[in-house]
Structures are given as C-alpha cells and as structure tokens.
Amino acid sequence: MAGSVDSTPPPPDQGADRPDVPVEQPPQSDTPETDAEVTENDEETPSPDPVQDEAATIEPAGVPADLTVPADAASVALVTALMRFREALASSSLSLPLDIVGAEQARRQVRVMLDQLDDYVLPRLVQIDAPVLTVVGGSTGAGKSTLVNSLVGAVVTEPGVLRPTTRSPVLVHNPADTEWFTGDRILPSLPRTTGTTPGGIDPGSMRLVAADTVPQGLAILDAPDVDSVVEANRDLAAQMLSAADLWLFVTTSARYADAVPWDFLKDAADRSTAVAVVLDRVAPEALDDITGHLAHMLLDRGLGDSPLFSIPDSETDEQGMLPKEVVATIYGWLTMLAADASARSAVVRRTLEGAVKQMVRKTPALTSAVKSQATTSVDLRAAVETSYARAVRDIQRATQDGTMLKGEVLARWTEFVGTGELLKSLQSRVGRARDWIRDTFLGKPQLDEQDLNVAVESGLEALLREHAEEAAERAEESWLSTTAGRQLLTNADRDIGRSSKVFSTAAARTVREWQGHVLELVRGEGADKRSTARILAYGVNGLGIALMVVVFASTAGIPTGAEVGVGAGTAVMGQKLLEAVFGDQAVRNLAQKARQDLNDRVRALMDTEMARYLSLLDAHPVDPDAPRRLTEAVRAVEDCT
Ligand SMILES: Nc1nc2c(ncn2[C@@H]2O[C@H](COP(=O)(O)OP(=O)(O)O)[C@@H](O)[C@H]2O)c(=O)[nH]1
Ligand SMILES: [Mg+2]
C-alpha cells in the first residue's frame, strides 16, 4: 500500500508523520501518460477524509495484468536471446565451484549480471513505457536523502546525523504510477513496504511512497550509501544503481574526488548509463572552480555529456529541507524529462543498450573463467586416476613377473612340491617331469596346501596395501600442489593420503575371492570324466595353487633346461602339473582367465579407494558444456544488438 504525500507542504501540526492515506490506484494503462500533471485518485476510491486518516487501508491492485511485451520483432528477439543468456548464466554460476584464480571475480560477475538482467534489463525491455527510474546515489552524508526530500517537498526519506545504517531504500513515485512498482517488475528480490513514516528499518525491503509532486513517468529512489560501512548496504546500493535508468549522483564540494563514488561512475561510463551529477553544498565563491574541476573529471572519465547540477550551500529548514529555489533547476530538469516521451525513451534506451553491451563485452572473460574450472576439474580427476591406474599397473606387473614367487610363497611352494629331486629331474630330463609329477602327487591329494594358501594371501595383501598406500599418497600430493586441490582436501578425511581404514579387510576379501574363483576355474575345467578323475587325484586345492603360481610367473617366462632358477623354475612344476591334468591349451586358457579375474578385482578394489578422492571432486561439479552454452547465448544477444 503506497502512502501518499500532498504536493502542498503539510501543515506543521501534521508534519511528515501523517499516517497512511488509503489510495487505490486505477489499473495502469500500457502507455502511461506522458505529461507530468498529477492524476487524481480513482473515483471508485473515496477521497481520503482528513478526519479518517487512520481508516483501514485498501490493498493495492498489484502488478498490471496486461504486461506488454514490446511489439517490434527486434525487441522480442532480444528479450528471447537475453532470457536464454540468463539461463546460461545461471547454469554457469553452478559451474564455478573451484577456488582457482579468477573464480571469485567470475562468481561475482555472474551475480551482478543476473541481478542486472532481473532487476533492470528484462523488465525494462518488456515494459519499455514504465516510468524512468532515477536512482539517487552517492557517498554517506553527501545529501542524497535531503535532496530527495527537497525535490519531493516532503519528508519521505530520513536524512540526518543519526544515520541508521540499516534503513530500507525509499522509492518515491507519482500516485498514478503505483502499479509499476508494487509488483516485482523491478528489483524483485526486495519486498515492498509502504507508509509515509520515514526510516523503515528493514534493509532487505524497499519502501514505496506515492507523492504527487513527483511527475508521472518518473520515479526517484533514495539508495543506500555506496560507501556504507555495512557491506549488505553497499551491495544493495550497487544493485539499485544497476537497476537505474538514470543515476542522479550526489557528491559534495568537499568529497567529489573520493575514490569509491568514482568507481561507480566509471562503471556507469563503461555501461553508457545515463548519469546526472549533483554537486552539493558548494560555497558560492568556490562554485566556478569546483564545477570546472568536476566537469573536467567527468569529461576525462567518459562522462562528459552528463548534466552537472550544483546546489549552493544553504541552511536546511526545521524539516531538514533545502530551500525550494536551490533545487528548482534539478526539479525542473527531471519534470521536463518526465514530460518528454522521446527524451525519456532516449534515456531508457541508452542505459538499456549500454547495459546489454556491457554484458556482451564482459562475457568472454567469464566464459574463460568457466572454462578454467572445467580444465581444472579434469586435471584434478586425471591426477587421481593416473595415480591409481599406476597402482593397478604395478600390481598387475608384480603379480605376473615372478615377484610374488619369493619369500614365504616360494618357501611354501617348494615345500609343497618338494625341492631337490624335482629340480634335478627337471634339469636333467624335462620330458620326464610329467612322470615325476604323477608319481609324486598321485595318491597324495591331501597334501597340506593350507600354509601355501596363507602365504599367497598375505603376500598378495601386502602387495595391494603397499600400492594402495602409494597411490593415496601420490594423489594427495598432487592435489596439495594446486589451490583447487587444497580446497577439495579441506573437506577430506585427515587420512586420505593413506589407504582407507577398511582397505585391509577389503584387500583380504579380494584375495580370498580370487582364490575362490581360481578353484572354481579348476573345478569347472574338469568337464569330462577323465579330467575329473585326475582332478580328484591331484586335489582341487593343489591344482588351484599350481594355477596361481603359474599366473604369478606369467611374464617371467617358463624357463627350460639350464635357465631354470629357483623362483621361476618352481613355477614350471605348477605348469607341468596342470598340463598333465588338463593339457597345454587348457592351461593357457585357465591362466589367462585367472589373471584377468585378478586384474579385474584389483581394479575394482582400487576404484573404491580412488572414489574417496573422486567424491570430493564430484561434490564440486563443473559442467564442461557451460562455456559453449554461454558463448552461444551471448552471440545470440550480440546478434540482436
Ligand atoms: N546545511 C546543509 N546541510 C545539508 C545539506 N545536505 C545535507 N545536509 C545535512 O547533511 C547530513 C547528511 O545528509 P543526508 O541527506 O542524510 O545525506 P545522505 O547520507 O547522502 O542521505 C544531514 O544532517 C543533512 O541535514 C545542505 O545542502 N546544506
Ligand atoms: Mg540518506
């Protein structure tokens, strides 16, 4: 509900604290009146009776139902392109999760662009006839609120020394323009409050005040200080300035060279926003010097065509207002602007086009920031994958090149197959090994394979553990060497640089399951009766162990004759034993299958270990397609401008 302020200054006893005057506005036409004459209240609404000022308020009619999309095809195309661009922007904001160089800036850029599209560009394009929003901006104490009150001729916004930092921004408009502002057409993130009492305390909302001294077709927004000590207020000030059709930038003769306002003015110049500058509290004798200098500064910074107004230093009255005559020029200028449809449209189009062009200009840098995210994410993943792939490869090698046939495994195996006799037999007459094997094993299926099994188990487990440790360590190291990697590791288990807590158990299970699978292979191979009989004769466990030994010696080569050494040589016995039972080809197949199965299990085991790293990365997803979408979307916008 918009409060209303009379054009005539209120009598002293009523003051500015007059309660809300209930007013209901007629639905806004598509093309608001261009002349500044005050529109009277709708006749359906009883004229406010001064005696019944505190009567119940009437709900405002809300957003105009007939939102108009600009009729010309070019504008429609631009709106469509900008909506797509908005979508691409919103999705790229999700694709900036990694703290790499330029990420924070890019995130900010996305926020600023989204705000600007929502707060200004899209609503403005869709409703090109909406009143010109003049945002009064500047540093703390520059005199913004005083100027707004003096222009409106009533205390609508709180000036003063008290300076509450959490004060809601105030938007003053003509009563006939109410409908343009009550809805969420512009600055949709700010809920509206109404009422004429200045100094609302909710900084997250915007107070609407209807005043018939403000010409129809133009609204004045008293924004928070651009240099407020409260960050939220500074952000809000920036957001409001980017929602402005026109900036009325207030500065004082003492502070016009301050850096912060010029950062904003520079941004306005970059964006070709329409800006008018108000130089406040100028001592008459310094007027020429200071305005000359300021005009020069504006020219230097690309704002040479901005109107420059000066307000001579004057006493404020008991309501804190400046004398009418000192603000008359600004008031006259604003009124003229409001009354002139083509001047208004020129201001709006200039700021609108400037905003769109600035977005187009700034997008490539944003796109490359999004691209860097994707590259970084790929790099981080690759570092981890490489580390674990190496572990898998190393284990694969060590389980085939004879490495496993050392120590305890070798000792148990030689114990199992016997040493001296067999070796001698192999060395002198390899061809007779088969006979020996038959003689040795036949009828002794209950040989104690248990020890050997345990030795294989613990040997393999130790191998897996060693490589899992190394992989984890390498992965952590590589992540620690990058900013984004360090960021991901902050959410990690402290022990991520080591194999996981459950690794030992998982590795033991993997080995046991592989051993089980090897036995299955052996059992499954004896399909015909003859081999079944032999398998029974030699024992499934014994044959299974022989197969494991063959696997462990796969790439070591099966030596013959004089080359036979202790490690690889003992594998020959396994090979011969299996060949005696299954035949050469079958043994090759069995060994191949057993090897493949071991590799698959090792890979699965390491994948689980690696998943600890990848899940950290997956918690920061980057869409690799985001840069392309952004580029295409901005190109479409560019084509419309
Ligand atoms: N004498 C004098 N005081 C002013 C003038 N403009 C602002 N002030 C005072 O300066 C203080 C800050 O003004 P205010 O309008 O609140 O500044 P804002 O922070 O930019 O909104 C208040 O005490 C005002 O009364 C002026 O032109 N002349
Ligand atoms: Mg103020």
# chains A, B, ... in the order shown; residues from 1 in each chain; ligands from 1
call {"tool": "residues_around", "arguments": {"residues": "region 390-393 of chain A", "least_positions_apart": "3", "cutoff": "7 Å", "atoms": "only C-alpha atoms", "output": "number ranges by chain"}}
result
A: 386-387, 396-397, 467-468, 471, 602-603
call {"tool": "residues_near_ligand", "arguments": {"ligand": "ligand 1", "cutoff": "9 Å", "atoms": "only C-alpha atoms and all ligand atoms", "output": "PyMOL selection string"}}
result
chain A and resi 136-149+157-163+222-225+250-252+280-282+311-317+319-322+326
call {"tool": "residues_around", "arguments": {"residues": "region 366-373 of chain A", "least_positions_apart": "2", "cutoff": "6 Å", "atoms": "only C-alpha atoms", "output": "ChimeraX atom specification"}}
result
/A:106,363-364,375-376,627
call {"tool": "write_last_selection", "arguments": {"atoms": "N, CA and C atoms", "output": "PDB file, in the first residue's frame"}}
result
ATOM      1  N   ALA A 106      34.658 -14.106 -11.097  1.00  0.00           N
ATOM      2  CA  ALA A 106      33.675 -14.604 -12.059  1.00  0.00           C
ATOM      3  C   ALA A 106      32.326 -14.856 -11.385  1.00  0.00           C
ATOM      4  N   THR A 363      31.298 -10.976 -21.114  1.00  0.00           N
ATOM      5  CA  THR A 363      31.064 -12.425 -21.109  1.00  0.00           C
ATOM      6  C   THR A 363      32.283 -13.275 -21.493  1.00  0.00           C
ATOM      7  N   PRO A 364      33.084 -12.868 -22.496  1.00  0.00           N
ATOM      8  CA  PRO A 364      34.229 -13.735 -22.833  1.00  0.00           C
ATOM      9  C   PRO A 364      35.144 -14.029 -21.645  1.00  0.00           C
ATOM     10  N   THR A 375      38.680 -27.247 -16.969  1.00  0.00           N
ATOM     11  CA  THR A 375      40.031 -27.789 -17.160  1.00  0.00           C
ATOM     12  C   THR A 375      40.616 -28.236 -15.824  1.00  0.00           C
ATOM     13  N   THR A 376      40.440 -27.388 -14.813  1.00  0.00           N
ATOM     14  CA  THR A 376      40.982 -27.722 -13.500  1.00  0.00           C
ATOM     15  C   THR A 376      40.365 -29.010 -12.968  1.00  0.00           C
ATOM     16  N   PRO A 627      30.732 -23.427 -20.854  1.00  0.00           N
ATOM     17  CA  PRO A 627      31.332 -22.357 -21.651  1.00  0.00           C
ATOM     18  C   PRO A 627      30.717 -22.244 -23.051  1.00  0.00           C
TER      19      PRO A 627
END
call {"tool": "atom_distance", "arguments": {"atom1": "CA of Leu337 (chain A)", "atom2": "CA of Val135 (chain A)"}}
result
14.5 Å
call {"tool": "residues_around", "arguments": {"residues": "region 348-358 of chain A", "least_positions_apart": "3", "cutoff": "7 Å", "atoms": "only C-alpha atoms", "output": "JSON, numbers by chain"}}
result
{"A": [121, 132, 245, 271, 272, 273, 274, 344, 345, 361, 362]}
call {"tool": "select_by_dssp", "arguments": {"residues": "region 80-291 of chain A", "states": "helix (DSSP H, G or I)", "output": "ChimeraX atom specification"}}
result
/A:80-93,103-126,144-152,175-182,231-241,259-271,284-291
